[in-house]
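Asks: Following this line is structure_27.csv, made up of CSV, C-alpha atoms:
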```
chain,number,residue,atom,x,y,z
A,1,MET,CA,139.7,55.9,35.9
A,2,ARG,CA,140.1,57.2,32.4
A,3,VAL,CA,141.2,60.9,31.9
A,4,ILE,CA,141.7,62.7,28.7
A,5,SER,CA,143.9,65.8,28.4
A,6,TYR,CA,143.8,68.0,25.3
A,7,ASN,CA,145.2,71.3,24.2
A,8,LEU,CA,142.7,72.6,21.8
A,9,ARG,CA,145.1,75.0,20.0
A,10,LYS,CA,143.1,78.2,20.5
A,11,HIS,CA,139.8,76.3,20.5
A,12,ARG,CA,140.3,74.9,17.0
A,13,ALA,CA,139.6,71.3,18.1
A,14,ARG,CA,136.4,72.1,20.0
A,15,GLY,CA,134.3,70.0,17.6
A,16,GLU,CA,136.2,66.8,18.6
A,17,LEU,CA,135.2,66.8,22.2
A,18,GLU,CA,131.9,64.9,22.1
A,19,ALA,CA,133.5,62.1,20.0
A,20,LEU,CA,136.5,61.8,22.3
A,21,ALA,CA,134.3,61.6,25.4
A,22,ARG,CA,132.2,58.9,23.8
A,23,ASP,CA,134.7,56.8,21.9
A,24,PHE,CA,137.2,56.6,24.7
A,25,ASP,CA,134.7,56.2,27.6
A,26,ALA,CA,136.3,59.1,29.5
A,27,ASP,CA,135.6,59.7,33.2
A,28,LEU,CA,137.2,63.1,33.1
A,29,ILE,CA,138.3,65.5,30.4
A,30,CYS,CA,140.9,68.3,31.1
A,31,LEU,CA,141.3,71.0,28.5
A,32,GLN,CA,143.8,73.7,27.7
A,33,GLU,CA,143.6,76.6,25.2
A,34,CYS,CA,139.8,76.7,25.0
A,35,ARG,CA,137.3,79.6,24.7
A,36,THR,CA,135.5,78.9,27.9
A,37,GLU,CA,132.4,80.8,26.9
A,38,ASP,CA,131.9,78.5,23.9
A,39,LEU,CA,132.0,75.2,25.9
A,40,PRO,CA,128.8,73.2,26.5
A,41,ASP,CA,127.6,72.4,30.0
A,42,MET,CA,127.6,68.7,29.1
A,43,LEU,CA,129.7,66.4,26.9
A,44,GLY,CA,127.5,63.3,26.8
A,45,THR,CA,127.5,62.2,30.4
A,46,LEU,CA,130.3,64.5,31.5
A,47,GLN,CA,129.4,67.8,33.2
A,48,LEU,CA,131.4,71.0,33.1
A,49,ALA,CA,132.9,71.2,36.5
A,50,ASP,CA,134.8,74.5,36.2
A,51,THR,CA,136.6,76.9,33.8
A,52,THR,CA,139.1,79.7,34.2
A,53,LYS,CA,137.4,83.1,34.2
A,54,THR,CA,140.1,85.6,33.2
A,55,ASN,CA,142.2,83.9,30.6
A,56,ARG,CA,142.2,84.7,26.9
A,57,LEU,CA,143.2,81.0,26.4
A,58,GLY,CA,141.3,79.1,29.1
A,59,LEU,CA,141.3,75.8,31.0
A,60,ALA,CA,138.3,73.6,31.7
A,61,VAL,CA,137.5,70.3,33.6
A,62,TYR,CA,134.6,67.9,32.8
A,63,ALA,CA,133.7,65.1,35.1
A,64,ARG,CA,131.3,62.1,34.6
A,65,LYS,CA,128.1,63.2,36.4
A,66,ASP,CA,127.1,59.7,37.5
A,67,ARG,CA,130.5,58.9,39.0
A,68,PHE,CA,131.8,62.0,40.7
A,69,THR,CA,130.4,64.4,43.2
A,70,ILE,CA,132.2,67.8,42.9
A,71,ASN,CA,133.3,69.1,46.3
A,72,GLU,CA,135.2,72.2,45.5
A,73,THR,CA,136.9,73.7,42.4
A,74,GLN,CA,139.2,76.7,42.0
A,75,SER,CA,141.4,78.4,39.5
A,76,PHE,CA,145.0,79.4,40.4
A,77,ALA,CA,147.5,82.0,39.1
A,78,LEU,CA,151.1,80.8,39.0
A,79,LYS,CA,154.4,82.6,38.5
A,80,LYS,CA,154.3,84.6,35.3
A,81,SER,CA,156.7,84.3,32.4
A,82,LEU,CA,157.8,87.3,30.4
A,83,HIS,CA,155.4,86.0,27.6
A,84,ASP,CA,152.5,86.2,30.1
A,85,ARG,CA,153.5,89.7,31.2
A,86,LEU,CA,153.7,91.1,27.7
A,87,LEU,CA,150.8,89.3,25.9
A,88,SER,CA,148.6,88.2,28.8
A,89,PRO,CA,147.3,84.9,27.3
A,90,ALA,CA,146.8,83.1,30.6
A,91,HIS,CA,146.5,84.7,34.1
A,92,GLU,CA,145.3,81.4,35.5
A,93,ARG,CA,147.4,78.3,34.6
A,94,LEU,CA,145.8,75.7,36.8
A,95,ILE,CA,142.3,74.5,37.7
A,96,GLY,CA,142.0,72.2,40.7
A,97,THR,CA,138.8,70.2,41.2
A,98,SER,CA,138.2,68.2,44.4
A,99,VAL,CA,135.8,65.3,43.8
A,100,MET,CA,134.4,62.3,45.6
A,101,ASP,CA,134.6,59.1,43.4
A,102,ASN,CA,131.2,57.6,44.2
A,103,GLU,CA,132.3,54.2,42.8
A,104,THR,CA,135.3,53.8,45.0
A,105,LYS,CA,134.7,56.3,47.8
A,106,HIS,CA,138.1,57.9,47.2
A,107,GLU,CA,138.6,61.7,47.5
A,108,VAL,CA,140.7,62.8,44.5
A,109,VAL,CA,141.9,66.2,43.2
A,110,ILE,CA,142.2,66.6,39.5
A,111,GLY,CA,144.3,69.4,38.0
A,112,THR,CA,144.4,70.7,34.5
A,113,PHE,CA,147.6,72.6,34.0
A,114,HIS,CA,149.2,74.7,31.2
A,115,ALA,CA,152.8,75.7,31.8
A,116,ALA,CA,154.5,78.8,30.4
A,117,PRO,CA,155.6,78.5,26.8
A,118,LEU,CA,159.0,77.4,25.5
A,119,THR,CA,160.2,81.0,25.6
A,120,ALA,CA,160.4,80.6,29.4
A,121,SER,CA,163.0,78.6,31.2
A,122,ASN,CA,162.6,75.0,32.4
A,123,SER,CA,163.4,76.4,35.9
A,124,LEU,CA,160.3,78.7,35.7
A,125,ARG,CA,158.2,75.8,34.5
A,126,ARG,CA,159.5,73.6,37.4
A,127,HIS,CA,158.5,76.4,39.8
A,128,GLN,CA,155.0,76.5,38.3
A,129,ILE,CA,154.7,72.7,38.6
A,130,HIS,CA,155.7,72.7,42.3
A,131,HIS,CA,153.4,75.6,43.0
A,132,ALA,CA,150.6,73.8,41.2
A,133,HIS,CA,151.1,70.7,43.3
A,134,SER,CA,151.1,72.8,46.5
A,135,GLU,CA,147.8,74.4,45.5
A,136,LEU,CA,146.2,71.1,44.7
A,137,HIS,CA,147.4,69.7,48.0
A,138,SER,CA,145.8,72.6,49.9
A,139,LEU,CA,142.6,72.0,48.0
A,140,GLY,CA,142.3,68.3,48.7
A,141,GLY,CA,144.0,67.8,52.0
A,142,VAL,CA,146.3,65.0,53.2
A,143,ALA,CA,143.9,62.1,52.4
A,144,ALA,CA,143.2,63.0,48.8
A,145,ALA,CA,144.9,61.4,45.8
A,146,THR,CA,146.1,63.9,43.2
A,147,LEU,CA,146.4,63.7,39.4
A,148,MET,CA,147.6,66.7,37.4
A,149,VAL,CA,147.5,66.5,33.6
A,150,GLY,CA,148.0,69.0,30.8
A,151,ASP,CA,150.4,70.8,28.6
A,152,PHE,CA,153.7,71.0,30.5
A,153,ASN,CA,155.7,72.6,27.7
A,154,TYR,CA,158.6,70.5,28.8
A,155,PRO,CA,159.9,68.3,25.9
A,156,PHE,CA,163.5,68.4,26.8
A,157,PHE,CA,165.4,67.2,29.9
A,158,THR,CA,162.4,65.3,31.3
A,159,ARG,CA,164.8,63.0,33.2
A,160,ASN,CA,165.8,66.0,35.2
A,161,LEU,CA,162.2,66.9,35.8
A,162,ASN,CA,161.4,63.3,36.8
A,163,ALA,CA,164.1,63.6,39.5
A,164,HIS,CA,162.5,66.8,40.8
A,165,MET,CA,159.1,65.1,40.9
A,166,GLU,CA,160.5,62.1,42.9
A,167,GLN,CA,162.0,64.5,45.4
A,168,SER,CA,158.6,66.1,46.0
A,169,GLY,CA,156.8,62.8,46.2
A,170,TYR,CA,155.1,62.8,42.8
A,171,ASP,CA,155.3,60.3,39.9
A,172,LEU,CA,155.8,61.6,36.4
A,173,SER,CA,154.2,59.6,33.5
A,174,LEU,CA,155.0,60.4,29.9
A,175,SER,CA,152.9,59.4,27.0
A,176,ASP,CA,153.7,56.3,24.8
A,177,GLU,CA,154.4,58.6,21.8
A,178,ARG,CA,155.3,62.2,21.2
A,179,THR,CA,152.3,64.5,21.6
A,180,TYR,CA,153.7,67.5,19.6
A,181,THR,CA,155.2,67.0,16.1
A,182,ARG,CA,154.3,70.3,14.4
A,183,TYR,CA,157.9,71.5,14.2
A,184,ILE,CA,161.0,69.3,13.8
A,185,VAL,CA,163.0,71.1,16.5
A,186,PHE,CA,160.2,71.1,19.1
A,187,ARG,CA,158.9,67.6,18.7
A,188,GLY,CA,158.5,65.8,22.0
A,189,HIS,CA,156.3,64.8,25.0
A,190,PHE,CA,154.6,68.1,25.8
A,191,ASP,CA,151.5,66.6,27.4
A,192,PHE,CA,151.8,64.2,30.4
A,193,ALA,CA,150.7,63.6,33.9
A,194,THR,CA,152.0,63.9,37.5
A,195,SER,CA,150.4,61.9,40.3
A,196,GLN,CA,150.4,61.2,44.0
A,197,GLY,CA,148.4,58.4,45.6
A,198,ILE,CA,147.4,57.3,42.1
A,199,ARG,CA,149.1,54.6,40.0
A,200,VAL,CA,149.1,55.5,36.3
A,201,GLY,CA,148.9,52.4,34.2
A,202,SER,CA,149.3,54.0,30.8
A,203,VAL,CA,149.3,57.3,29.0
A,204,GLU,CA,148.1,56.6,25.4
A,205,THR,CA,148.6,59.2,22.7
A,206,LEU,CA,145.4,59.5,20.7
A,207,PRO,CA,145.1,60.2,17.0
A,208,ARG,CA,145.8,63.8,15.8
A,209,GLY,CA,142.9,66.1,15.2
A,210,ASP,CA,142.7,69.8,14.5
A,211,SER,CA,145.1,70.8,17.2
A,212,ASP,CA,148.9,70.9,17.0
A,213,HIS,CA,148.9,68.7,20.1
A,214,ARG,CA,147.6,65.1,20.2
A,215,PRO,CA,145.2,64.3,23.0
A,216,ILE,CA,146.4,61.8,25.7
A,217,LEU,CA,144.3,59.2,27.6
A,218,ILE,CA,145.5,58.4,31.1
A,219,THR,CA,144.4,55.2,32.6
A,220,ALA,CA,144.9,55.1,36.4
A,221,GLU,CA,143.9,53.5,39.6
A,222,TYR,CA,144.1,54.5,43.3
A,223,MET,CA,147.0,53.2,45.3
A,224,PRO,CA,146.1,51.2,48.5
A,225,ALA,CA,146.5,53.1,51.7
A,226,GLY,CA,150.0,53.2,53.0
A,227,GLU,CA,151.6,52.2,49.6
```
Could you render the structure from this file as structure tokens?

Replies:
Amino acid sequence: MRVISYNLRKHRARGELEALARDFDADLICLQECRTEDLPDMLGTLQLADTTKTNRLGLAVYARKDRFTINETQSFALKKSLHDRLLSPAHERLIGTSVMDNETKHEVVIGTFHAAPLTASNSLRRHQIHHAHSELHSLGGVAAATLMVGDFNYPFFTRNLNAHMEQSGYDLSLSDERTYTRYIVFRGHFDFATSQGIRVGSVETLPRGDSDHRPILITAEYMPAGE
């Protein structure tokens, strides 16, 4: 399974999506900071599964039409930061999409996630991540594998975050290179993945485009039952 996650930087990188889907043979594409009303219904063979409805800066999920059957999809609001309360950029910070993988017959829940910005605390972002995992679990049920990707806005103290993820039964997978290098102080791994019931083989950082984030390509496989 090949999943691309990309923060479009206020939709500036919209024009790169068709090429990303084609050139990297994506099964799923998860977007952050997009203008949802300006997204196409199809990106090659990928269909638009869902978008946020109330955000100024939205989220979206695309899934390969010939591989996945979409069971259910839902947007979720998470705990708000002061930035959210003052500027209202994102009421919904998570989309969860439950699908059936027609190739492997696995049920899987895919989440696209955009955490509160760096003006918020790591503690608040950890709360958002745990809340997001809880919502995805409720959407997919006990049997479903879960993969959540996106812009976690968590470039510092990721070792501490990894410990929190392990305690809650999730694996954290960082990219092979830093995904955000626009400012010297804030360079780091902003975009990554958390998973349960899925083994992430690699998280490749793709070439920079028109966004201040680099897209990432997650290559993953389902874990055998009981592992």

Asks: Measuring atom to atom with only C-alpha atoms, identify which of A:Leu118, A:Gln196, A:Phe68, A:Leu59 is nearest to A:Glu166.

Replies: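 Checking each candidate against A:Glu166, we get A:Gln196 as the closest.
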
Asks: Neighbours of A:Leu174 within 12 Å (only C-alpha atoms; same-chain residues fewer than 3 positions away dropped), as a PDB file with C-alpha atoms, in the coordinates of the input?

Replies:
```
ATOM      1  CA  VAL A 149     147.500  66.500  33.600  1.00  0.00           C
ATOM      2  CA  GLY A 150     148.000  69.000  30.800  1.00  0.00           C
ATOM      3  CA  ASP A 151     150.400  70.800  28.600  1.00  0.00           C
ATOM      4  CA  PHE A 152     153.700  71.000  30.500  1.00  0.00           C
ATOM      5  CA  TYR A 154     158.600  70.500  28.800  1.00  0.00           C
ATOM      6  CA  PRO A 155     159.900  68.300  25.900  1.00  0.00           C
ATOM      7  CA  THR A 158     162.400  65.300  31.300  1.00  0.00           C
ATOM      8  CA  ARG A 159     164.800  63.000  33.200  1.00  0.00           C
ATOM      9  CA  LEU A 161     162.200  66.900  35.800  1.00  0.00           C
ATOM     10  CA  ASN A 162     161.400  63.300  36.800  1.00  0.00           C
ATOM     11  CA  ASP A 171     155.300  60.300  39.900  1.00  0.00           C
ATOM     12  CA  GLU A 177     154.400  58.600  21.800  1.00  0.00           C
ATOM     13  CA  ARG A 178     155.300  62.200  21.200  1.00  0.00           C
ATOM     14  CA  THR A 179     152.300  64.500  21.600  1.00  0.00           C
ATOM     15  CA  GLY A 188     158.500  65.800  22.000  1.00  0.00           C
ATOM     16  CA  HIS A 189     156.300  64.800  25.000  1.00  0.00           C
ATOM     17  CA  PHE A 190     154.600  68.100  25.800  1.00  0.00           C
ATOM     18  CA  ASP A 191     151.500  66.600  27.400  1.00  0.00           C
ATOM     19  CA  PHE A 192     151.800  64.200  30.400  1.00  0.00           C
ATOM     20  CA  ALA A 193     150.700  63.600  33.900  1.00  0.00           C
ATOM     21  CA  THR A 194     152.000  63.900  37.500  1.00  0.00           C
ATOM     22  CA  SER A 195     150.400  61.900  40.300  1.00  0.00           C
ATOM     23  CA  VAL A 200     149.100  55.500  36.300  1.00  0.00           C
ATOM     24  CA  GLY A 201     148.900  52.400  34.200  1.00  0.00           C
ATOM     25  CA  SER A 202     149.300  54.000  30.800  1.00  0.00           C
ATOM     26  CA  VAL A 203     149.300  57.300  29.000  1.00  0.00           C
ATOM     27  CA  GLU A 204     148.100  56.600  25.400  1.00  0.00           C
ATOM     28  CA  THR A 205     148.600  59.200  22.700  1.00  0.00           C
ATOM     29  CA  ILE A 216     146.400  61.800  25.700  1.00  0.00           C
ATOM     30  CA  LEU A 217     144.300  59.200  27.600  1.00  0.00           C
ATOM     31  CA  ILE A 218     145.500  58.400  31.100  1.00  0.00           C
TER      32      ILE A 218
END
```

Asks: Can you tell me which residues surround A:Gly44 at a distance of at most 12 Å, considering all atoms listed in the file, apart from same-chain residues fewer than 5 positions away, and format the answer as an MDAnalysis selection string?

Replies: chainID A and resid 17:29 62:66

Asks: Do you know which residues are at most 7 Å from A:Asn71 counting all atoms listed in the file, after dropping those on the same chain fewer than 5 positions away, and could you put them as a ChimeraX atom specification?

Replies: /A:98-100

Asks: Looking at all atoms listed in the file, which of A:Leu39, A:Arg9, A:Arg93, A:Gly140 is the one that sits closest to A:Arg182?

Replies: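 With all atoms listed in the file as the atom set, the closest residue is A:Arg9.
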
Asks: Render stretch 9-27 of chain A from the structure in the preceding block as a file of N, CA, C and O atoms, as a tab-separated table (two decimals), in the first residue's frame.

Replies:
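Result saved to decode.tsv:
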```
chain	number	residue	atom	x	y	z
A	9	ARG	N	0.15	23.96	1.46
A	9	ARG	CA	0.47	25.36	1.77
A	9	ARG	C	-0.58	26.30	1.18
A	9	ARG	O	-0.37	27.01	0.21
A	10	LYS	N	-1.74	26.25	1.82
A	10	LYS	CA	-2.86	27.10	1.42
A	10	LYS	C	-3.21	26.90	-0.07
A	10	LYS	O	-3.50	27.84	-0.79
A	11	HIS	N	-3.14	25.63	-0.50
A	11	HIS	CA	-3.58	25.20	-1.83
A	11	HIS	C	-2.60	25.57	-2.95
A	11	HIS	O	-2.87	25.32	-4.14
A	12	ARG	N	-1.43	26.11	-2.61
A	12	ARG	CA	-0.50	26.56	-3.66
A	12	ARG	C	0.03	25.40	-4.50
A	12	ARG	O	0.39	25.60	-5.66
A	13	ALA	N	0.12	24.21	-3.91
A	13	ALA	CA	0.70	23.07	-4.63
A	13	ALA	C	-0.36	22.21	-5.30
A	13	ALA	O	-0.07	21.08	-5.70
A	14	ARG	N	-1.57	22.71	-5.45
A	14	ARG	CA	-2.67	21.95	-6.04
A	14	ARG	C	-2.31	21.36	-7.40
A	14	ARG	O	-2.65	20.22	-7.73
A	15	GLY	N	-1.57	22.12	-8.22
A	15	GLY	CA	-1.26	21.68	-9.56
A	15	GLY	C	-0.31	20.50	-9.65
A	15	GLY	O	-0.12	19.93	-10.74
A	16	GLU	N	0.26	20.07	-8.52
A	16	GLU	CA	1.20	18.95	-8.52
A	16	GLU	C	0.54	17.60	-8.28
A	16	GLU	O	1.19	16.56	-8.41
A	17	LEU	N	-0.75	17.60	-7.93
A	17	LEU	CA	-1.37	16.37	-7.43
A	17	LEU	C	-1.47	15.28	-8.48
A	17	LEU	O	-1.22	14.10	-8.19
A	18	GLU	N	-1.86	15.62	-9.71
A	18	GLU	CA	-2.00	14.59	-10.74
A	18	GLU	C	-0.67	13.89	-10.99
A	18	GLU	O	-0.61	12.66	-11.12
A	19	ALA	N	0.41	14.67	-11.07
A	19	ALA	CA	1.72	14.08	-11.32
A	19	ALA	C	2.18	13.21	-10.15
A	19	ALA	O	2.77	12.15	-10.35
A	20	LEU	N	1.91	13.65	-8.92
A	20	LEU	CA	2.28	12.85	-7.75
A	20	LEU	C	1.55	11.51	-7.77
A	20	LEU	O	2.16	10.46	-7.53
A	21	ALA	N	0.26	11.55	-8.04
A	21	ALA	CA	-0.52	10.32	-8.07
A	21	ALA	C	0.00	9.36	-9.14
A	21	ALA	O	0.12	8.15	-8.91
A	22	ARG	N	0.35	9.90	-10.30
A	22	ARG	CA	0.81	9.07	-11.42
A	22	ARG	C	2.25	8.60	-11.22
A	22	ARG	O	2.55	7.40	-11.34
A	23	ASP	N	3.14	9.51	-10.90
A	23	ASP	CA	4.57	9.18	-10.89
A	23	ASP	C	4.94	8.26	-9.74
A	23	ASP	O	5.93	7.52	-9.85
A	24	PHE	N	4.19	8.30	-8.64
A	24	PHE	CA	4.54	7.48	-7.48
A	24	PHE	C	3.52	6.37	-7.24
A	24	PHE	O	3.54	5.74	-6.17
A	25	ASP	N	2.66	6.12	-8.21
A	25	ASP	CA	1.74	4.99	-8.18
A	25	ASP	C	0.99	4.92	-6.84
A	25	ASP	O	0.93	3.88	-6.19
A	26	ALA	N	0.40	6.03	-6.44
A	26	ALA	CA	-0.25	6.13	-5.13
A	26	ALA	C	-1.56	5.36	-5.08
A	26	ALA	O	-2.35	5.39	-6.03
A	27	ASP	N	-1.78	4.67	-3.96
A	27	ASP	CA	-3.07	4.03	-3.69
A	27	ASP	C	-4.01	4.98	-2.95
A	27	ASP	O	-5.22	4.90	-3.10
```
